[in-house]
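Quick look at start.pdb (PDB, C-alpha atoms, pLDDT in the B column):
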ATOM      1  CA  MET H  18      17.687  10.043  46.238  1.00 44.00           C
ATOM      2  CA  ARG H  19      14.758   7.650  45.895  1.00 44.00           C
ATOM      3  CA  ILE H  20      15.042   3.982  45.034  1.00 44.00           C
ATOM      4  CA  THR H  21      12.372   2.644  42.708  1.00 42.00           C
ATOM      5  CA  LYS H  22      11.027  -0.886  43.067  1.00 43.00           C
ATOM      6  CA  THR H  23      11.293  -1.815  39.396  1.00 47.00           C
ATOM      7  CA  SER H  24      13.733  -4.667  39.986  1.00 72.00           C
ATOM      8  CA  ALA H  25      14.061  -4.615  43.758  1.00 70.00           C
ATOM      9  CA  PRO H  26      13.195  -7.622  45.959  1.00 78.00           C
ATOM     10  CA  TRP H  27       9.489  -7.977  46.696  1.00 86.00           C
ATOM     11  CA  PRO H  28       7.830  -8.767  50.049  1.00 91.00           C
ATOM     12  CA  ALA H  29       5.398 -11.202  48.390  1.00 93.00           C
ATOM     13  CA  GLU H  30       8.310 -13.376  47.312  1.00 94.00           C
ATOM     14  CA  VAL H  31       9.727 -13.385  50.836  1.00 96.00           C
ATOM     15  CA  VAL H  32       6.357 -14.541  52.158  1.00 95.00           C
ATOM     16  CA  GLU H  33       5.992 -17.226  49.500  1.00 95.00           C
ATOM     17  CA  LYS H  34       9.559 -18.543  49.294  1.00 96.00           C
ATOM     18  CA  GLY H  35      11.422 -17.222  52.334  1.00 97.00           C
ATOM     19  CA  TRP H  36      13.741 -15.152  50.131  1.00 97.00           C
ATOM     20  CA  SER H  37      13.788 -12.662  47.270  1.00 96.00           C
ATOM     21  CA  HIS H  38      16.465 -11.491  44.859  1.00 96.00           C
ATOM     22  CA  GLY H  39      16.671  -8.249  42.907  1.00 94.00           C
ATOM     23  CA  ARG H  40      18.676  -5.113  42.398  1.00 94.00           C
ATOM     24  CA  LEU H  41      18.253  -1.635  43.825  1.00 92.00           C
ATOM     25  CA  PRO H  42      18.903   1.022  41.167  1.00 86.00           C
ATOM     26  CA  ILE H  43      21.778   3.386  41.878  1.00 84.00           C
ATOM     27  CA  PRO H  44      22.442   6.864  40.509  1.00 75.00           C
ATOM     28  CA  ALA H  45      25.567   7.586  38.507  1.00 69.00           C
ATOM     29  CA  THR H  46      26.507  10.420  40.817  1.00 82.00           C
ATOM     30  CA  SER H  47      29.235  11.493  43.183  1.00 84.00           C
ATOM     31  CA  GLU H  48      27.067  10.271  46.062  1.00 87.00           C
ATOM     32  CA  TRP H  49      27.453   6.669  44.907  1.00 93.00           C
ATOM     33  CA  ASN H  50      31.203   7.076  44.350  1.00 93.00           C
ATOM     34  CA  GLU H  51      31.535   8.528  47.835  1.00 94.00           C
ATOM     35  CA  PHE H  52      29.450   5.695  49.277  1.00 96.00           C
ATOM     36  CA  ALA H  53      31.554   2.965  47.650  1.00 96.00           C
ATOM     37  CA  LYS H  54      34.760   4.588  48.939  1.00 96.00           C
ATOM     38  CA  TYR H  55      33.728   3.969  52.546  1.00 97.00           C
ATOM     39  CA  TRP H  56      34.848   0.365  52.048  1.00 98.00           C
ATOM     40  CA  GLU H  57      38.396   1.676  51.570  1.00 97.00           C
ATOM     41  CA  ASP H  58      38.385   2.722  55.234  1.00 96.00           C
ATOM     42  CA  LEU H  59      37.430  -0.507  57.004  1.00 97.00           C
ATOM     43  CA  PRO H  60      39.747  -1.819  59.741  1.00 95.00           C
ATOM     44  CA  ALA H  61      40.644  -5.488  60.005  1.00 92.00           C
ATOM     45  CA  ASP H  62      38.210  -7.874  61.650  1.00 87.00           C
ATOM     46  CA  GLU H  63      40.429  -8.969  64.534  1.00 82.00           C
ATOM     47  CA  TYR H  64      38.307 -12.017  65.319  1.00 79.00           C
ATOM     48  CA  VAL H  65      39.134 -13.717  62.018  1.00 81.00           C
ATOM     49  CA  ARG H  66      42.082 -16.051  62.385  1.00 69.00           C
ATOM     50  CA  GLU H  67      44.396 -17.020  59.545  1.00 63.00           C
ATOM     51  CA  SER H  68      43.389 -20.666  59.983  1.00 57.00           C
ATOM     52  CA  HIS H  69      39.847 -19.760  58.921  1.00 66.00           C
ATOM     53  CA  GLY H  70      41.015 -18.872  55.423  1.00 69.00           C
ATOM     54  CA  THR H  71      39.538 -15.395  55.470  1.00 81.00           C
ATOM     55  CA  THR H  72      40.796 -11.825  55.240  1.00 88.00           C
ATOM     56  CA  ARG H  73      37.926  -9.620  56.384  1.00 90.00           C
ATOM     57  CA  LEU H  74      37.615  -5.884  57.072  1.00 95.00           C
ATOM     58  CA  ARG H  75      34.575  -4.539  58.886  1.00 94.00           C
ATOM     59  CA  ARG H  76      32.594  -1.731  60.499  1.00 97.00           C
ATOM     60  CA  ILE H  77      29.235  -2.026  62.229  1.00 95.00           C
ATOM     61  CA  GLY H  78      26.406   0.320  63.126  1.00 95.00           C
ATOM     62  CA  HIS H  79      23.093   0.174  64.989  1.00 95.00           C
ATOM     63  CA  LEU H  80      19.801   1.978  64.457  1.00 96.00           C
ATOM     64  CA  LEU H  81      16.393   1.831  66.057  1.00 94.00           C
ATOM     65  CA  ALA H  82      13.381   1.975  63.742  1.00 93.00           C
ATOM     66  CA  ARG H  83      10.182   2.774  65.585  1.00 86.00           C
ATOM     67  CA  GLY H  84       6.860   1.842  64.046  1.00 71.00           C
ATOM     68  CA  GLY H  85       4.175   4.295  63.103  1.00 60.00           C
ATOM     69  CA  GLU H  86       1.579   5.074  60.499  1.00 56.00           C
ATOM     70  CA  GLY H  87       2.833   6.177  57.085  1.00 52.00           C
ATOM     71  CA  ALA H  88       5.438   8.891  57.376  1.00 53.00           C
ATOM     72  CA  GLY H  89       5.307   8.551  61.165  1.00 58.00           C
ATOM     73  CA  VAL H  90       8.044   5.907  61.168  1.00 69.00           C
ATOM     74  CA  THR H  91      11.372   7.071  62.554  1.00 82.00           C
ATOM     75  CA  MET H  92      14.847   5.588  62.255  1.00 88.00           C
ATOM     76  CA  GLU H  93      17.566   6.931  64.523  1.00 92.00           C
ATOM     77  CA  ARG H  94      21.098   5.943  65.375  1.00 92.00           C
ATOM     78  CA  ALA H  95      21.446   3.759  68.458  1.00 88.00           C
ATOM     79  CA  PRO H  96      24.479   3.694  70.760  1.00 88.00           C
ATOM     80  CA  HIS H  97      27.396   1.732  69.387  1.00 84.00           C
ATOM     81  CA  GLY H  98      27.525  -1.720  70.907  1.00 78.00           C
ATOM     82  CA  ALA H  99      28.919  -5.213  70.653  1.00 76.00           C
ATOM     83  CA  PHE H 100      27.759  -7.956  68.312  1.00 69.00           C
ATOM     84  CA  TYR H 101      26.865 -11.363  69.725  1.00 61.00           C
ATOM     85  CA  GLN H 102      25.744 -14.670  68.240  1.00 57.00           C
ATOM     86  CA  SER H 103      25.326 -17.882  70.170  1.00 56.00           C
ATOM     87  CA  ALA H 104      27.595 -20.845  69.468  1.00 57.00           C
ATOM     88  CA  GLU H 105      24.528 -22.691  68.183  1.00 67.00           C
ATOM     89  CA  ILE H 106      23.984 -20.023  65.552  1.00 62.00           C
ATOM     90  CA  ASN H 107      27.626 -19.399  64.584  1.00 57.00           C
ATOM     91  CA  SER H 108      29.852 -22.445  65.007  1.00 58.00           C
ATOM     92  CA  VAL H 109      33.033 -20.478  64.238  1.00 57.00           C
ATOM     93  CA  TYR H 110      32.608 -17.108  65.979  1.00 63.00           C
ATOM     94  CA  GLY H 111      29.600 -17.678  68.208  1.00 50.00           C
ATOM     95  CA  GLY H 112      29.653 -17.568  71.995  1.00 60.00           C
ATOM     96  CA  GLN H 113      31.877 -14.483  72.170  1.00 69.00           C
ATOM     97  CA  VAL H 114      31.110 -10.797  72.420  1.00 71.00           C
ATOM     98  CA  ARG H 115      32.648  -9.155  69.375  1.00 75.00           C
ATOM     99  CA  THR H 116      33.328  -5.431  69.185  1.00 80.00           C
ATOM    100  CA  PHE H 117      33.904  -3.825  65.796  1.00 87.00           C
ATOM    101  CA  ALA H 118      34.800  -0.308  64.729  1.00 92.00           C
ATOM    102  CA  PRO H 119      31.721   1.906  64.312  1.00 94.00           C
ATOM    103  CA  ILE H 120      30.338   3.115  61.022  1.00 95.00           C
ATOM    104  CA  THR H 121      31.396   6.728  60.576  1.00 96.00           C
ATOM    105  CA  ALA H 122      29.045   9.684  60.941  1.00 95.00           C
ATOM    106  CA  GLU H 123      29.779  10.622  57.327  1.00 95.00           C
ATOM    107  CA  THR H 124      28.518   7.230  56.157  1.00 96.00           C
ATOM    108  CA  TYR H 125      25.230   7.646  58.007  1.00 95.00           C
ATOM    109  CA  GLU H 126      24.657  10.946  56.189  1.00 94.00           C
ATOM    110  CA  ASN H 127      25.335   9.565  52.699  1.00 93.00           C
ATOM    111  CA  LEU H 128      22.228   9.599  50.508  1.00 92.00           C
ATOM    112  CA  CYS H 129      22.860   6.114  49.075  1.00 93.00           C
ATOM    113  CA  PHE H 130      23.305   4.645  52.539  1.00 95.00           C
ATOM    114  CA  ARG H 131      20.106   6.261  53.772  1.00 94.00           C
ATOM    115  CA  ALA H 132      18.127   5.263  50.681  1.00 93.00           C
ATOM    116  CA  ALA H 133      19.121   1.606  51.060  1.00 94.00           C
ATOM    117  CA  LEU H 134      18.117   1.626  54.741  1.00 94.00           C
ATOM    118  CA  GLU H 135      14.792   3.264  53.953  1.00 93.00           C
ATOM    119  CA  HIS H 136      14.073   0.752  51.192  1.00 93.00           C
ATOM    120  CA  ASP H 137      14.899  -2.209  53.432  1.00 95.00           C
ATOM    121  CA  LEU H 138      12.860  -0.893  56.342  1.00 94.00           C
ATOM    122  CA  ALA H 139       9.866  -0.301  54.046  1.00 92.00           C
ATOM    123  CA  LEU H 140      10.136  -3.893  52.794  1.00 94.00           C
ATOM    124  CA  VAL H 141      10.247  -5.323  56.317  1.00 95.00           C
ATOM    125  CA  ARG H 142       7.354  -3.116  57.427  1.00 93.00           C
ATOM    126  CA  ARG H 143       5.276  -4.485  54.553  1.00 93.00           C
ATOM    127  CA  LEU H 144       6.045  -7.968  55.836  1.00 94.00           C
ATOM    128  CA  GLU H 145       5.415  -7.333  59.527  1.00 92.00           C
ATOM    129  CA  GLY H 146       3.220  -4.245  59.808  1.00 86.00           C
ATOM    130  CA  ASP H 147       3.731  -0.600  60.651  1.00 81.00           C
ATOM    131  CA  HIS H 148       3.876  -0.681  64.430  1.00 83.00           C
ATOM    132  CA  GLN H 149       6.765  -3.055  65.044  1.00 89.00           C
ATOM    133  CA  THR H 150       9.996  -1.579  66.443  1.00 93.00           C
ATOM    134  CA  TRP H 151      13.205  -2.924  64.915  1.00 95.00           C
ATOM    135  CA  LEU H 152      16.828  -3.038  65.954  1.00 94.00           C
ATOM    136  CA  VAL H 153      18.688  -2.563  62.679  1.00 96.00           C
ATOM    137  CA  THR H 154      22.323  -3.664  62.567  1.00 95.00           C
ATOM    138  CA  VAL H 155      24.399  -2.642  59.554  1.00 96.00           C
ATOM    139  CA  HIS H 156      27.648  -4.377  58.605  1.00 96.00           C
ATOM    140  CA  LEU H 157      30.097  -2.921  56.077  1.00 98.00           C
ATOM    141  CA  ILE H 158      32.307  -5.866  55.098  1.00 97.00           C
ATOM    142  CA  ARG H 159      35.185  -6.300  52.672  1.00 97.00           C
ATOM    143  CA  ILE H 160      36.627  -9.736  51.864  1.00 95.00           C
ATOM    144  CA  VAL H 161      40.110  -9.722  50.334  1.00 95.00           C
ATOM    145  CA  ALA H 162      41.919 -12.558  48.528  1.00 93.00           C
ATOM    146  CA  THR H 163      45.499 -12.275  47.284  1.00 90.00           C
ATOM    147  CA  GLY H 164      47.794 -14.406  45.162  1.00 86.00           C
ATOM    148  CA  ASP H 165      46.782 -18.058  44.996  1.00 84.00           C
ATOM    149  CA  ALA H 166      44.906 -18.012  48.294  1.00 84.00           C
ATOM    150  CA  ALA H 167      41.139 -18.199  48.613  1.00 88.00           C
ATOM    151  CA  SER H 168      39.220 -16.100  51.133  1.00 90.00           C
ATOM    152  CA  ALA H 169      35.878 -17.251  52.543  1.00 86.00           C
ATOM    153  CA  PRO H 170      33.121 -14.651  53.025  1.00 87.00           C
ATOM    154  CA  ALA H 171      31.373 -17.090  55.376  1.00 83.00           C
ATOM    155  CA  PRO H 172      33.886 -19.399  57.121  1.00 81.00           C
ATOM    156  CA  GLU H 173      31.018 -20.946  59.116  1.00 81.00           C
ATOM    157  CA  GLY H 174      29.579 -22.443  55.916  1.00 83.00           C
ATOM    158  CA  ARG H 175      25.845 -22.928  55.531  1.00 90.00           C
ATOM    159  CA  HIS H 176      24.148 -21.067  58.369  1.00 89.00           C
ATOM    160  CA  SER H 177      21.474 -18.732  59.619  1.00 89.00           C
ATOM    161  CA  ASP H 178      22.414 -15.606  61.581  1.00 88.00           C
ATOM    162  CA  GLY H 179      19.819 -15.622  64.362  1.00 90.00           C
ATOM    163  CA  HIS H 180      17.849 -12.576  63.171  1.00 94.00           C
ATOM    164  CA  ASP H 181      14.340 -12.088  61.831  1.00 96.00           C
ATOM    165  CA  TYR H 182      15.433 -10.825  58.403  1.00 97.00           C
ATOM    166  CA  VAL H 183      18.823 -10.415  56.735  1.00 97.00           C
ATOM    167  CA  ILE H 184      19.265  -8.245  53.652  1.00 98.00           C
ATOM    168  CA  MET H 185      22.512  -8.533  51.702  1.00 97.00           C
ATOM    169  CA  HIS H 186      23.615  -5.845  49.226  1.00 97.00           C
ATOM    170  CA  LEU H 187      26.629  -6.216  46.953  1.00 97.00           C
ATOM    171  CA  VAL H 188      28.451  -2.874  46.764  1.00 97.00           C
ATOM    172  CA  ASN H 189      31.559  -3.763  44.766  1.00 97.00           C
ATOM    173  CA  ARG H 190      33.295  -6.785  43.292  1.00 97.00           C
ATOM    174  CA  GLU H 191      36.714  -6.484  41.648  1.00 95.00           C
ATOM    175  CA  ARG H 192      38.942  -9.097  40.008  1.00 94.00           C
ATOM    176  CA  CYS H 193      36.933 -11.880  41.670  1.00 95.00           C
ATOM    177  CA  SER H 194      36.197 -15.439  40.842  1.00 95.00           C
ATOM    178  CA  GLY H 195      33.919 -17.438  43.129  1.00 95.00           C
ATOM    179  CA  GLY H 196      31.570 -15.867  45.646  1.00 96.00           C
ATOM    180  CA  LEU H 197      28.558 -17.990  44.693  1.00 97.00           C
ATOM    181  CA  SER H 198      25.621 -17.331  47.028  1.00 97.00           C
ATOM    182  CA  ARG H 199      23.277 -20.165  47.955  1.00 97.00           C
ATOM    183  CA  VAL H 200      20.038 -19.973  49.930  1.00 97.00           C
ATOM    184  CA  PHE H 201      18.417 -23.083  51.447  1.00 97.00           C
ATOM    185  CA  ARG H 202      15.235 -23.753  53.333  1.00 97.00           C
ATOM    186  CA  LYS H 203      16.198 -25.060  56.754  1.00 94.00           C
ATOM    187  CA  GLY H 204      16.454 -28.838  56.535  1.00 91.00           C
ATOM    188  CA  GLY H 205      16.432 -28.764  52.728  1.00 94.00           C
ATOM    189  CA  ASP H 206      19.052 -30.475  50.575  1.00 93.00           C
ATOM    190  CA  ARG H 207      18.874 -28.390  47.401  1.00 96.00           C
ATOM    191  CA  PRO H 208      19.465 -24.635  47.186  1.00 97.00           C
ATOM    192  CA  ALA H 209      16.380 -22.538  46.598  1.00 96.00           C
ATOM    193  CA  LEU H 210      18.664 -19.873  45.098  1.00 96.00           C
ATOM    194  CA  GLU H 211      22.125 -20.338  43.625  1.00 97.00           C
ATOM    195  CA  HIS H 212      23.506 -17.124  42.161  1.00 96.00           C
ATOM    196  CA  THR H 213      26.663 -15.010  42.042  1.00 97.00           C
ATOM    197  CA  LEU H 214      26.064 -11.365  42.917  1.00 96.00           C
ATOM    198  CA  LEU H 215      27.788  -9.287  40.235  1.00 96.00           C
ATOM    199  CA  GLU H 216      26.109  -5.881  39.939  1.00 94.00           C
ATOM    200  CA  PRO H 217      26.290  -2.989  42.424  1.00 94.00           C
ATOM    201  CA  MET H 218      23.328  -3.125  44.831  1.00 95.00           C
ATOM    202  CA  GLU H 219      22.291  -6.575  43.678  1.00 95.00           C
ATOM    203  CA  THR H 220      20.386  -7.769  46.719  1.00 96.00           C
ATOM    204  CA  VAL H 221      19.192 -10.924  48.462  1.00 97.00           C
ATOM    205  CA  VAL H 222      16.548 -10.753  51.188  1.00 97.00           C
ATOM    206  CA  ILE H 223      16.039 -13.779  53.449  1.00 97.00           C
ATOM    207  CA  ASP H 224      13.677 -14.664  56.247  1.00 98.00           C
ATOM    208  CA  ASP H 225      16.407 -15.792  58.616  1.00 96.00           C
ATOM    209  CA  ARG H 226      13.955 -17.768  60.751  1.00 96.00           C
ATOM    210  CA  THR H 227      13.188 -20.226  57.950  1.00 97.00           C
ATOM    211  CA  MET H 228      16.199 -20.045  55.610  1.00 97.00           C
ATOM    212  CA  GLU H 229      19.956 -20.657  55.655  1.00 96.00           C
ATOM    213  CA  HIS H 230      22.629 -19.265  53.363  1.00 94.00           C
ATOM    214  CA  GLU H 231      26.265 -19.655  52.392  1.00 95.00           C
ATOM    215  CA  VAL H 232      28.836 -18.051  50.076  1.00 95.00           C
ATOM    216  CA  THR H 233      31.672 -19.893  48.389  1.00 96.00           C
ATOM    217  CA  PRO H 234      35.258 -18.540  48.761  1.00 94.00           C
ATOM    218  CA  ILE H 235      36.584 -15.903  46.394  1.00 95.00           C
ATOM    219  CA  ARG H 236      39.908 -15.966  44.546  1.00 94.00           C
ATOM    220  CA  PRO H 237      41.688 -13.388  42.416  1.00 94.00           C
ATOM    221  CA  ALA H 238      40.724 -13.639  38.775  1.00 90.00           C
ATOM    222  CA  ASP H 239      44.246 -12.444  37.899  1.00 85.00           C
ATOM    223  CA  ALA H 240      47.619 -12.504  39.648  1.00 72.00           C
ATOM    224  CA  THR H 241      46.949  -9.620  42.037  1.00 86.00           C
ATOM    225  CA  SER H 242      44.081  -9.413  44.499  1.00 91.00           C
ATOM    226  CA  ALA H 243      40.309  -9.647  44.677  1.00 95.00           C
ATOM    227  CA  VAL H 244      37.825  -7.692  46.791  1.00 96.00           C
ATOM    228  CA  ARG H 245      34.146  -8.294  47.541  1.00 97.00           C
ATOM    229  CA  ASP H 246      32.329  -5.482  49.343  1.00 98.00           C
ATOM    230  CA  MET H 247      28.980  -6.092  51.033  1.00 98.00           C
ATOM    231  CA  MET H 248      26.501  -4.116  53.091  1.00 98.00           C
ATOM    232  CA  ILE H 249      24.529  -6.556  55.236  1.00 97.00           C
ATOM    233  CA  ILE H 250      21.543  -5.333  57.218  1.00 97.00           C
ATOM    234  CA  ASP H 251      19.998  -7.383  60.041  1.00 96.00           C
ATOM    235  CA  PHE H 252      16.502  -6.772  61.387  1.00 97.00           C
ATOM    236  CA  ASP H 253      15.569  -7.921  64.902  1.00 94.00           C
ATOM    237  CA  ARG H 254      12.163  -7.178  66.379  1.00 94.00           C
ATOM    238  CA  VAL H 255      12.182  -5.292  69.668  1.00 92.00           C
ATOM    239  CA  GLN H 256       9.628  -6.599  72.116  1.00 80.00           C
ATOM    240  CA  PRO H 257       7.398  -4.052  73.890  1.00 75.00           C
ATOM    241  CA  GLY H 258       9.293  -2.686  76.852  1.00 64.00           C
ATOM    242  CA  GLY H 259      12.570  -4.005  75.415  1.00 57.00           C
TER     243      GLY H 259
END
Show me, as structure tokens, the structure contained in the file I just sent.
Amino acid sequence: MRITKTSAPWPAEVVEKGWSHGRLPIPATSEWNEFAKYWEDLPADEYVRESHGTTRLRRIGHLLARGGEGAGVTMERAPHGAFYQSAEINSVYGGQVRTFAPITAETYENLCFRAALEHDLALVRRLEGDHQTWLVTVHLIRIVATGDAASAPAPEGRHSDGHDYVIMHLVNRERCSGGLSRVFRKGGDRPALEHTLLEPMETVVIDDRTMEHEVTPIRPADATSAVRDMMIIDFDRVQPGG
């Protein structure tokens, strides 16, 4: 499956504004249905406490993308490892080594998963050049809200994540109200982007070195429950010899 760039985020916008918003086209095929079902098999995020007002399910995966000319670029799975953010970066969960369940081998082989990764890597390579090596961390996240309770996708509020680039894809949204995404320039008072992601594979790209972001809590739009499924992909440059 190939993703066209008709409505996808553009590198020029990231350079100019620090962010870009668009949507990656998806095929109406069994591959997409299979891809979306992976969010039905996410274990609980054990680091989220009830006092934080969040019910979060999560898996994580790591890849190494090595630079090269044209088709010479390679992207391979890296050993499963922990996830760490400093307390300065993440005021709620920072300063602790967090270990999450790994993304399954089946997910890595899914055509939609691979196409999204390839699109995102191509975008970052256009921003930074062909020869940079990247550690790519992929988060599959589901936020659940039930009854009258709200559930916060980002309990830490307005923040940056400590990466070079962060790319956020909406996979599914059901029976939700809320979930408004805001992007700010660091130190700025007004959001540069204020938008609710509604469509599958609607995407926000941010330069995490210059921008901050937040998402408002979700609530059920009816009397049952709400879910918001995201695939978030972090890019961190690997220094030579690193």
>> Since I can't run it myself right now, could you work out what the PyMOL selection byres ((chain H and resi 141) around 12) selects here and report it as an NGL selection string?
In response: :H and (26-29 or 31-32 or 82 or 84 or 134-140 or 142-153 or 181-184 or 222-224 or 250-254)
> Just so the selection is clear, what residues does the PyMOL selection byres ((chain H and resi 78) around 10) cover here, as a ChimeraX atom specification?
Replying inline: /H:76-77,79-80,94-100,117-122,125,153-157,250
> Could you list as a list of chain:residue names every residue that has an atom within 9 Å of (31.4, -13.9, 47.4), using the file's coordinates and counting all atoms listed in the file?
Replying inline: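 Collected hits near the coordinates: H:Ile160, H:Ser168, H:Ala169, H:Pro170, H:Ala171, H:Arg190, H:Cys193, H:Ser194, H:Gly195, H:Gly196, H:Leu197, H:Ser198, H:Thr213, H:Leu214, H:Val232, H:Thr233, H:Pro234, H:Ile235, H:Val244, H:Arg245, H:Asp246, H:Met247.
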Give the padded box for region 215-224 of chain H as JSON: axis-aligned, covering all atoms listed in the file, 5 Å on each side, centre and edge lengths in Å to one decimal.
{"center_x": 20.7, "center_y": -8.8, "center_z": 48.1, "size_x": 24.1, "size_y": 21.7, "size_z": 26.3}
> With distances taken over all atoms listed in the file, which of H:Lys34, H:Arg192, H:His186, H:Arg236 is nearest to Ala133 (chain H)?
Replying inline: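 Residue with the minimum atom-to-atom distance to Ala133 (chain H): H:His186.
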With a distance cut-off of 8 Å and all atoms listed in the file, select the neighbouring residues of region 163-167 of chain H, excluding the residue or stretch itself and same-chain residues fewer than 5 positions from it, and output the selection as a PDB file with C-alpha atoms, in the coordinates of the input.
ATOM      1  CA  GLY H  70      41.015 -18.872  55.423  1.00 69.00           C
ATOM      2  CA  THR H  71      39.538 -15.395  55.470  1.00 81.00           C
ATOM      3  CA  PRO H 234      35.258 -18.540  48.761  1.00 94.00           C
ATOM      4  CA  ILE H 235      36.584 -15.903  46.394  1.00 95.00           C
ATOM      5  CA  ARG H 236      39.908 -15.966  44.546  1.00 94.00           C
ATOM      6  CA  PRO H 237      41.688 -13.388  42.416  1.00 94.00           C
ATOM      7  CA  ALA H 240      47.619 -12.504  39.648  1.00 72.00           C
ATOM      8  CA  THR H 241      46.949  -9.620  42.037  1.00 86.00           C
ATOM      9  CA  SER H 242      44.081  -9.413  44.499  1.00 91.00           C
ATOM     10  CA  ALA H 243      40.309  -9.647  44.677  1.00 95.00           C
TER      11      ALA H 243
END
> H:Pro172, H:Cys129, H:Glu33, H:Glu93: which is nearest Arg73 (chain H), counting all atoms listed in the file?
Replying inline: H:Pro172
> Can you list what the PyMOL selection byres ((chain H and resi 41-55) around 6) grabs from this structure, as a list in words?
Replying inline: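 This file gives the following for the PyMOL selection byres ((chain H and resi 41-55) around 6): Ala25, Arg40, Trp56, Glu57, Asp58 and Met218 of chain H.
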Using only C-alpha atoms, please write the residues we just selected to a file, as a PDB file, keeping the file's coordinate frame.
ATOM      1  CA  ALA H  25      14.061  -4.615  43.758  1.00 70.00           C
ATOM      2  CA  ARG H  40      18.676  -5.113  42.398  1.00 94.00           C
ATOM      3  CA  TRP H  56      34.848   0.365  52.048  1.00 98.00           C
ATOM      4  CA  GLU H  57      38.396   1.676  51.570  1.00 97.00           C
ATOM      5  CA  ASP H  58      38.385   2.722  55.234  1.00 96.00           C
ATOM      6  CA  MET H 218      23.328  -3.125  44.831  1.00 95.00           C
TER       7      MET H 218
END
> Quick one, how far is CA of Pro257 (chain H) from CA of Arg226 (chain H)?
Replying inline: 20.1 Å
>> I'd like the interatomic distance between CA of Val200 (chain H) and CA of His38 (chain H), to a tenth of an Å.
In response: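 A separation of 10.5 Å between them.
One distance worth recording is that between CA of Arg199 (chain H) and CA of His212 (chain H), which is 6.5 Å.
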